[in-house]
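Participant: One structure coming up, written as structure tokens, with questions to follow.
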Amino acid sequence: MIVAMTTLERAEAAERAMSEELDRVVVKSVLFTSGEQDPTHPAPRPPDQGKLYMMGPDPRLPRMPDKPTLLDFFTYRFAPANHLLQSARLAQKSGASEKIILACLLHDIAIAGFIRSDHGYWGAQLLEPYVDEEVSWAIRYHQALRFFADESVGYRYPAMYVKLFGPDYKPEPHIERAYLDARQHKWYMTSRLICVNDLYSFDPTVQVRLEEFTDIVGRNFRQPKEGLGFDGSPTAHMWRTIIAPTKYL
Ligand SMILES: [Fe+2]
Ligand SMILES: [Fe+2]
């Protein structure tokens, strides 16, 4: 009798086959599987067959340069950045300052390459040591501002959010508080302009190249000479985790 495998079982079998081919054992971080697995139970481990555990670069991922730049992360670790590139282009076309163009270019890097939940906060934290404080502040707060209209700049609650979260979705109290705090802040409009340029429905035929923003990044992002992840900044470990997300420790 043939017993049909569920999608999850199929995915797990494929994964087992893949990890058996690796010469190192990969144990996923709880965060990667939480929800699919019960995080309070011991994580299922692939059979180690006497192999060593992953403590270096994961051969399934593109190898990053030893001293990676921000643009290397776009190339080797971030999901296709059309959304970011087109948002930055829109800001540029509207005559926005370089700070705002950079903020638009980087506003969703947490979604593109790190952690989706609370992406504004994670993105801001990753960037904080390397950009003007106004840029990271604006990225942190765009997550909350996105949910609240501002007619003064023609910003409405996104139709996409109604589609994604339903018409009755209400942001949590901490997000509403963040919005109210941001409204009082001197950099409110910088963050608001990220929302104004935050494009969800862009033309898929328009291709914006990352290279168009090389100069703006060069002038406004303090690329560490040791490479992102290796400069000892307070967020270097976060960049290292993006480089090698499957290290055992
Ligand atoms: Fe966002
Ligand atoms: Fe966005």
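The way I read the labels, and the way they are meant: chains A, B, ... in the order of the structure tokens, residue 1 as the first residue of every chain, and ligand 1 as the first ligand shown, with later ones counted on from there.
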Counting only C-alpha atoms and all ligand atoms, which residues of chain A fall within 8 Å of ligand 2, and what is the closest atom pair for each with its distance in Å at one decimal, ordered by chain and rising number, as JSON lines?
Facilitator:
```
{"residue": "A:His83", "atom": "CA", "partner": "ligand 2", "partner_atom_place_in_ligand_line": "1 (Fe)", "distance": 6.6}
{"residue": "A:Leu84", "atom": "CA", "partner": "ligand 2", "partner_atom_place_in_ligand_line": "1 (Fe)", "distance": 6.8}
{"residue": "A:Ser87", "atom": "CA", "partner": "ligand 2", "partner_atom_place_in_ligand_line": "1 (Fe)", "distance": 7.6}
{"residue": "A:Cys104", "atom": "CA", "partner": "ligand 2", "partner_atom_place_in_ligand_line": "1 (Fe)", "distance": 7.9}
{"residue": "A:His107", "atom": "CA", "partner": "ligand 2", "partner_atom_place_in_ligand_line": "1 (Fe)", "distance": 6.4}
{"residue": "A:Asp108", "atom": "CA", "partner": "ligand 2", "partner_atom_place_in_ligand_line": "1 (Fe)", "distance": 5.4}
{"residue": "A:Ile194", "atom": "CA", "partner": "ligand 2", "partner_atom_place_in_ligand_line": "1 (Fe)", "distance": 7.9}
{"residue": "A:Cys195", "atom": "CA", "partner": "ligand 2", "partner_atom_place_in_ligand_line": "1 (Fe)", "distance": 7.4}
{"residue": "A:Asp198", "atom": "CA", "partner": "ligand 2", "partner_atom_place_in_ligand_line": "1 (Fe)", "distance": 4.8}
{"residue": "A:Leu199", "atom": "CA", "partner": "ligand 2", "partner_atom_place_in_ligand_line": "1 (Fe)", "distance": 6.5}
{"residue": "A:Tyr200", "atom": "CA", "partner": "ligand 2", "partner_atom_place_in_ligand_line": "1 (Fe)", "distance": 7.1}
```
Participant: Show me which residues sit within 12 Å of ligand 1 when counting only C-alpha atoms and all ligand atoms, and put them as a CSV table (one decimal) with N, CA and C atoms, in the first residue's frame.
Facilitator:
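Output file out-v1.csv follows:
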```csv
chain,number,residue,atom,x,y,z
A,83,HIS,N,11.6,45.4,-4.2
A,83,HIS,CA,10.8,46.3,-3.4
A,83,HIS,C,11.7,47.5,-2.8
A,84,LEU,N,12.9,47.2,-2.3
A,84,LEU,CA,13.7,48.2,-1.8
A,84,LEU,C,14.2,49.1,-2.8
A,87,SER,N,11.5,51.4,-4.1
A,87,SER,CA,11.1,52.4,-3.1
A,87,SER,C,12.2,53.5,-3.1
A,103,ALA,N,17.4,55.5,3.5
A,103,ALA,CA,16.4,54.9,4.4
A,103,ALA,C,15.4,54.0,3.7
A,104,CYS,N,15.0,54.5,2.5
A,104,CYS,CA,14.1,53.7,1.7
A,104,CYS,C,14.8,52.5,1.2
A,105,LEU,N,16.0,52.6,0.8
A,105,LEU,CA,16.8,51.5,0.2
A,105,LEU,C,16.9,50.4,1.3
A,106,LEU,N,17.0,50.8,2.5
A,106,LEU,CA,17.3,49.8,3.6
A,106,LEU,C,16.2,49.5,4.5
A,107,HIS,N,15.0,50.1,4.3
A,107,HIS,CA,14.0,50.0,5.3
A,107,HIS,C,13.5,48.6,5.6
A,108,ASP,N,13.5,47.7,4.6
A,108,ASP,CA,13.0,46.3,4.9
A,108,ASP,C,14.2,45.3,4.8
A,109,ILE,N,15.4,45.6,5.1
A,109,ILE,CA,16.5,44.6,5.0
A,109,ILE,C,16.2,43.5,6.0
A,110,ALA,N,15.6,43.7,7.1
A,110,ALA,CA,15.3,42.6,8.0
A,110,ALA,C,14.4,41.6,7.3
A,111,ILE,N,13.5,42.0,6.6
A,111,ILE,CA,12.6,41.1,5.9
A,111,ILE,C,13.4,40.4,4.8
A,112,ALA,N,14.2,41.1,4.1
A,112,ALA,CA,15.0,40.6,3.0
A,112,ALA,C,16.0,39.5,3.4
A,115,ILE,N,15.0,38.7,9.9
A,115,ILE,CA,13.8,38.2,10.7
A,115,ILE,C,12.7,39.1,10.3
A,116,ARG,N,11.6,38.6,10.0
A,116,ARG,CA,10.4,39.3,9.5
A,116,ARG,C,9.6,40.0,10.6
A,117,SER,N,9.4,39.2,11.7
A,117,SER,CA,8.6,39.8,12.8
A,117,SER,C,9.4,41.0,13.4
A,118,ASP,N,8.7,42.1,13.6
A,118,ASP,CA,9.3,43.3,14.1
A,118,ASP,C,10.5,43.8,13.3
A,119,HIS,N,10.3,43.7,12.0
A,119,HIS,CA,11.4,44.0,11.0
A,119,HIS,C,11.9,45.4,11.1
A,120,GLY,N,11.1,46.4,11.4
A,120,GLY,CA,11.6,47.7,11.5
A,120,GLY,C,12.6,47.9,12.6
A,121,TYR,N,12.4,47.2,13.7
A,121,TYR,CA,13.3,47.3,14.9
A,121,TYR,C,14.6,46.5,14.6
A,122,TRP,N,14.5,45.3,14.0
A,122,TRP,CA,15.7,44.6,13.7
A,122,TRP,C,16.5,45.3,12.7
A,123,GLY,N,15.8,45.8,11.6
A,123,GLY,CA,16.6,46.5,10.6
A,123,GLY,C,17.3,47.7,11.1
A,124,ALA,N,16.6,48.5,12.0
A,124,ALA,CA,17.2,49.7,12.5
A,124,ALA,C,18.5,49.3,13.4
A,138,ALA,N,14.3,56.4,11.6
A,138,ALA,CA,13.2,56.4,10.7
A,138,ALA,C,12.8,54.9,10.3
A,139,ILE,N,13.8,54.1,10.1
A,139,ILE,CA,13.5,52.7,9.8
A,139,ILE,C,12.8,52.0,10.9
A,140,ARG,N,13.3,52.2,12.1
A,140,ARG,CA,12.6,51.6,13.3
A,140,ARG,C,11.1,51.9,13.3
A,141,TYR,N,10.8,53.2,13.1
A,141,TYR,CA,9.4,53.6,13.3
A,141,TYR,C,8.5,53.4,12.1
A,142,HIS,N,9.1,53.2,10.9
A,142,HIS,CA,8.2,53.0,9.7
A,142,HIS,C,7.3,51.8,10.0
A,143,GLN,N,7.8,50.8,10.7
A,143,GLN,CA,7.0,49.6,11.0
A,143,GLN,C,5.6,50.0,11.6
A,144,ALA,N,5.7,51.0,12.6
A,144,ALA,CA,4.4,51.4,13.2
A,144,ALA,C,3.7,52.4,12.4
A,145,LEU,N,4.4,53.4,11.8
A,145,LEU,CA,3.7,54.4,11.0
A,145,LEU,C,2.9,53.9,9.8
A,146,ARG,N,3.4,52.8,9.3
A,146,ARG,CA,2.8,52.1,8.2
A,146,ARG,C,1.3,51.9,8.4
A,147,PHE,N,0.9,51.7,9.7
A,147,PHE,CA,-0.5,51.3,10.0
A,147,PHE,C,-1.4,52.6,10.2
A,158,PRO,N,-2.6,51.2,3.9
A,158,PRO,CA,-2.4,50.4,2.7
A,158,PRO,C,-3.5,49.4,2.4
A,161,TYR,N,-2.6,46.0,3.2
A,161,TYR,CA,-2.8,45.5,4.6
A,161,TYR,C,-4.2,44.9,4.8
A,191,SER,N,10.6,59.3,8.8
A,191,SER,CA,10.0,58.0,8.9
A,191,SER,C,8.8,57.9,8.0
A,192,ARG,N,8.0,59.0,8.1
A,192,ARG,CA,6.8,59.0,7.3
A,192,ARG,C,7.1,58.9,5.8
A,194,ILE,N,9.4,57.3,4.4
A,194,ILE,CA,9.7,55.9,4.1
A,194,ILE,C,8.3,55.2,3.7
A,195,CYS,N,7.3,55.5,4.5
A,195,CYS,CA,5.9,54.9,4.2
A,195,CYS,C,5.4,55.5,2.9
A,196,VAL,N,5.6,56.7,2.6
A,196,VAL,CA,5.1,57.3,1.4
A,196,VAL,C,5.7,56.7,0.2
A,197,ASN,N,7.0,56.3,0.3
A,197,ASN,CA,7.7,55.7,-0.8
A,197,ASN,C,7.7,54.2,-0.8
A,198,ASP,N,7.0,53.6,0.2
A,198,ASP,CA,7.1,52.2,0.4
A,198,ASP,C,6.1,51.6,-0.6
A,199,LEU,N,6.7,51.0,-1.7
A,199,LEU,CA,5.8,50.6,-2.8
A,199,LEU,C,5.5,49.1,-2.7
A,200,TYR,N,4.2,48.8,-2.7
A,200,TYR,CA,3.8,47.4,-2.7
A,200,TYR,C,3.5,47.0,-4.1
```
Participant: With distances taken over only C-alpha atoms, which of A:Gly95, A:Tyr130, A:Leu52, A:Phe78 is nearest to Thr235 of chain A?
Facilitator: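 Closest residue, counting only C-alpha atoms: A:Tyr130.
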Participant: As an MDAnalysis selection string, please: the residues near Arg77 of chain A (cut-off 8 Å, only C-alpha atoms, same-chain neighbours under 5 positions excluded).
Facilitator: chainID A and resid 72 113 242:243
Participant: Can you list, as a PyMOL selection string, all residues belonging to segment 6-241 of chain A that DSSP tags as strand (DSSP E or B)?
Facilitator: chain A and resi 24-25+34+37+52-53+150+155
Participant: Restricting the output to C-alpha atoms, write the selected residues as a CSV table (one decimal), in the first residue's frame.
Facilitator:
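The resulting file, out25.csv, is shown below:
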```
chain,number,residue,atom,x,y,z
A,24,ARG,CA,28.6,18.5,8.9
A,25,VAL,CA,25.6,18.1,11.0
A,34,SER,CA,9.3,27.5,16.1
A,37,GLN,CA,8.0,22.4,15.9
A,52,LEU,CA,31.2,16.9,13.1
A,53,TYR,CA,28.8,19.7,13.7
A,150,ASP,CA,-1.3,60.9,7.4
A,155,TYR,CA,-0.6,58.6,3.0
```
Participant: Residues near Arg177 of chain A, anyone? I mean within 12 Å using only C-alpha atoms, not counting same-chain ones fewer than 3 positions away, as a list of chain:residue names.
Facilitator: A:Tyr141, A:Ala144, A:Leu145, A:Phe147, A:Phe148, A:Pro171, A:Glu172, A:Pro173, A:His174, A:Leu180, A:Asp181, A:Ala182, A:Arg183, A:Gln184
Participant: Go ahead and save the picked residues with N, CA and C atoms, as a PDB file, in the first residue's frame.
Facilitator:
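Below you can see again05.pdb, which holds the result:
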```
ATOM      1  N   TYR A 141      10.816  53.206  13.114  1.00  0.00           N
ATOM      2  CA  TYR A 141       9.424  53.630  13.295  1.00  0.00           C
ATOM      3  C   TYR A 141       8.545  53.423  12.072  1.00  0.00           C
ATOM      4  N   ALA A 144       5.666  50.962  12.594  1.00  0.00           N
ATOM      5  CA  ALA A 144       4.429  51.411  13.248  1.00  0.00           C
ATOM      6  C   ALA A 144       3.670  52.407  12.371  1.00  0.00           C
ATOM      7  N   LEU A 145       4.391  53.356  11.794  1.00  0.00           N
ATOM      8  CA  LEU A 145       3.716  54.420  11.020  1.00  0.00           C
ATOM      9  C   LEU A 145       2.940  53.862   9.835  1.00  0.00           C
ATOM     10  N   PHE A 147       0.903  51.674   9.653  1.00  0.00           N
ATOM     11  CA  PHE A 147      -0.488  51.328   9.976  1.00  0.00           C
ATOM     12  C   PHE A 147      -1.378  52.551  10.169  1.00  0.00           C
ATOM     13  N   PHE A 148      -0.789  53.740  10.141  1.00  0.00           N
ATOM     14  CA  PHE A 148      -1.578  54.935  10.464  1.00  0.00           C
ATOM     15  C   PHE A 148      -1.472  55.967   9.352  1.00  0.00           C
ATOM     16  N   PRO A 171      -3.604  47.241  14.915  1.00  0.00           N
ATOM     17  CA  PRO A 171      -2.237  47.071  15.439  1.00  0.00           C
ATOM     18  C   PRO A 171      -2.247  46.964  16.969  1.00  0.00           C
ATOM     19  N   GLU A 172      -1.289  46.222  17.510  1.00  0.00           N
ATOM     20  CA  GLU A 172      -1.216  46.031  18.965  1.00  0.00           C
ATOM     21  C   GLU A 172      -0.931  47.368  19.662  1.00  0.00           C
ATOM     22  N   PRO A 173      -1.249  47.412  20.967  1.00  0.00           N
ATOM     23  CA  PRO A 173      -1.056  48.666  21.719  1.00  0.00           C
ATOM     24  C   PRO A 173       0.380  49.202  21.651  1.00  0.00           C
ATOM     25  N   HIS A 174       1.380  48.326  21.662  1.00  0.00           N
ATOM     26  CA  HIS A 174       2.758  48.865  21.656  1.00  0.00           C
ATOM     27  C   HIS A 174       3.064  49.532  20.307  1.00  0.00           C
ATOM     28  N   LEU A 180       2.308  57.009  18.256  1.00  0.00           N
ATOM     29  CA  LEU A 180       2.023  58.274  18.940  1.00  0.00           C
ATOM     30  C   LEU A 180       3.311  58.969  19.376  1.00  0.00           C
ATOM     31  N   ASP A 181       4.275  58.178  19.854  1.00  0.00           N
ATOM     32  CA  ASP A 181       5.580  58.751  20.226  1.00  0.00           C
ATOM     33  C   ASP A 181       6.260  59.363  18.999  1.00  0.00           C
ATOM     34  N   ALA A 182       6.238  58.612  17.898  1.00  0.00           N
ATOM     35  CA  ALA A 182       6.931  59.064  16.683  1.00  0.00           C
ATOM     36  C   ALA A 182       6.333  60.379  16.179  1.00  0.00           C
ATOM     37  N   ARG A 183       5.043  60.506  16.281  1.00  0.00           N
ATOM     38  CA  ARG A 183       4.360  61.728  15.805  1.00  0.00           C
ATOM     39  C   ARG A 183       4.922  62.979  16.475  1.00  0.00           C
ATOM     40  N   GLN A 184       5.389  62.821  17.730  1.00  0.00           N
ATOM     41  CA  GLN A 184       5.903  63.974  18.484  1.00  0.00           C
ATOM     42  C   GLN A 184       7.380  64.237  18.187  1.00  0.00           C
TER      43      GLN A 184
END
```
Participant: As JSON, numbers by chain, which residues of segment 81-219 of chain A does DSSP assign to helix (DSSP H, G or I)?
Facilitator: {"A": [82, 83, 84, 85, 86, 87, 88, 89, 90, 91, 92, 93, 98, 99, 100, 101, 102, 103, 104, 105, 106, 109, 110, 111, 112, 113, 119, 120, 121, 122, 123, 124, 125, 126, 127, 128, 129, 130, 133, 134, 135, 136, 137, 138, 139, 140, 141, 142, 143, 144, 145, 151, 152, 153, 159, 160, 161, 162, 163, 164, 165, 173, 174, 175, 176, 177, 178, 179, 180, 181, 182, 183, 188, 189, 190, 191, 192, 193, 194, 195, 196, 197, 210, 211, 212, 213, 214, 215, 216, 217, 218, 219]}
Participant: Find the residue from A:Arg219, A:Lys51, A:Arg60, A:His41 that sits nearest to Pro245 of chain A; use only C-alpha atoms when measuring.
Facilitator: A:Arg60
Participant: Do you have the atom CA of Pro65 of chain A-atom CA of Gly227 of chain A distance handy?
Facilitator: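 Separation of atom CA of Pro65 of chain A and atom CA of Gly227 of chain A: 8.7 Å.
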Participant: May I ask which of the residues A:Ile101, A:Met238, A:Met54, A:Val217 is the closest one to Leu22 of chain A, counting only C-alpha atoms?
Facilitator: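 Among the listed residues, A:Met54 lies closest to Leu22 of chain A.
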Participant: When you look at segment 210-213 of chain A with a cut-off of 10 Å (counting only C-alpha atoms), what residues show up, excluding the ones that are within fewer than 4 positions of it in the same chain? I need them as a PyMOL selection string.
Facilitator: chain A and resi 71+74-75+81-82+84-86+88-89+92+98+101-102+105+217-218
Participant: Using only C-alpha atoms, which of the listed residues (A:Leu228, A:Ile175, A:Leu193, A:Leu70) sits closest to Ser97 of chain A?
Facilitator: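 Among the listed residues, the smallest separation from Ser97 of chain A belongs to A:Leu193.
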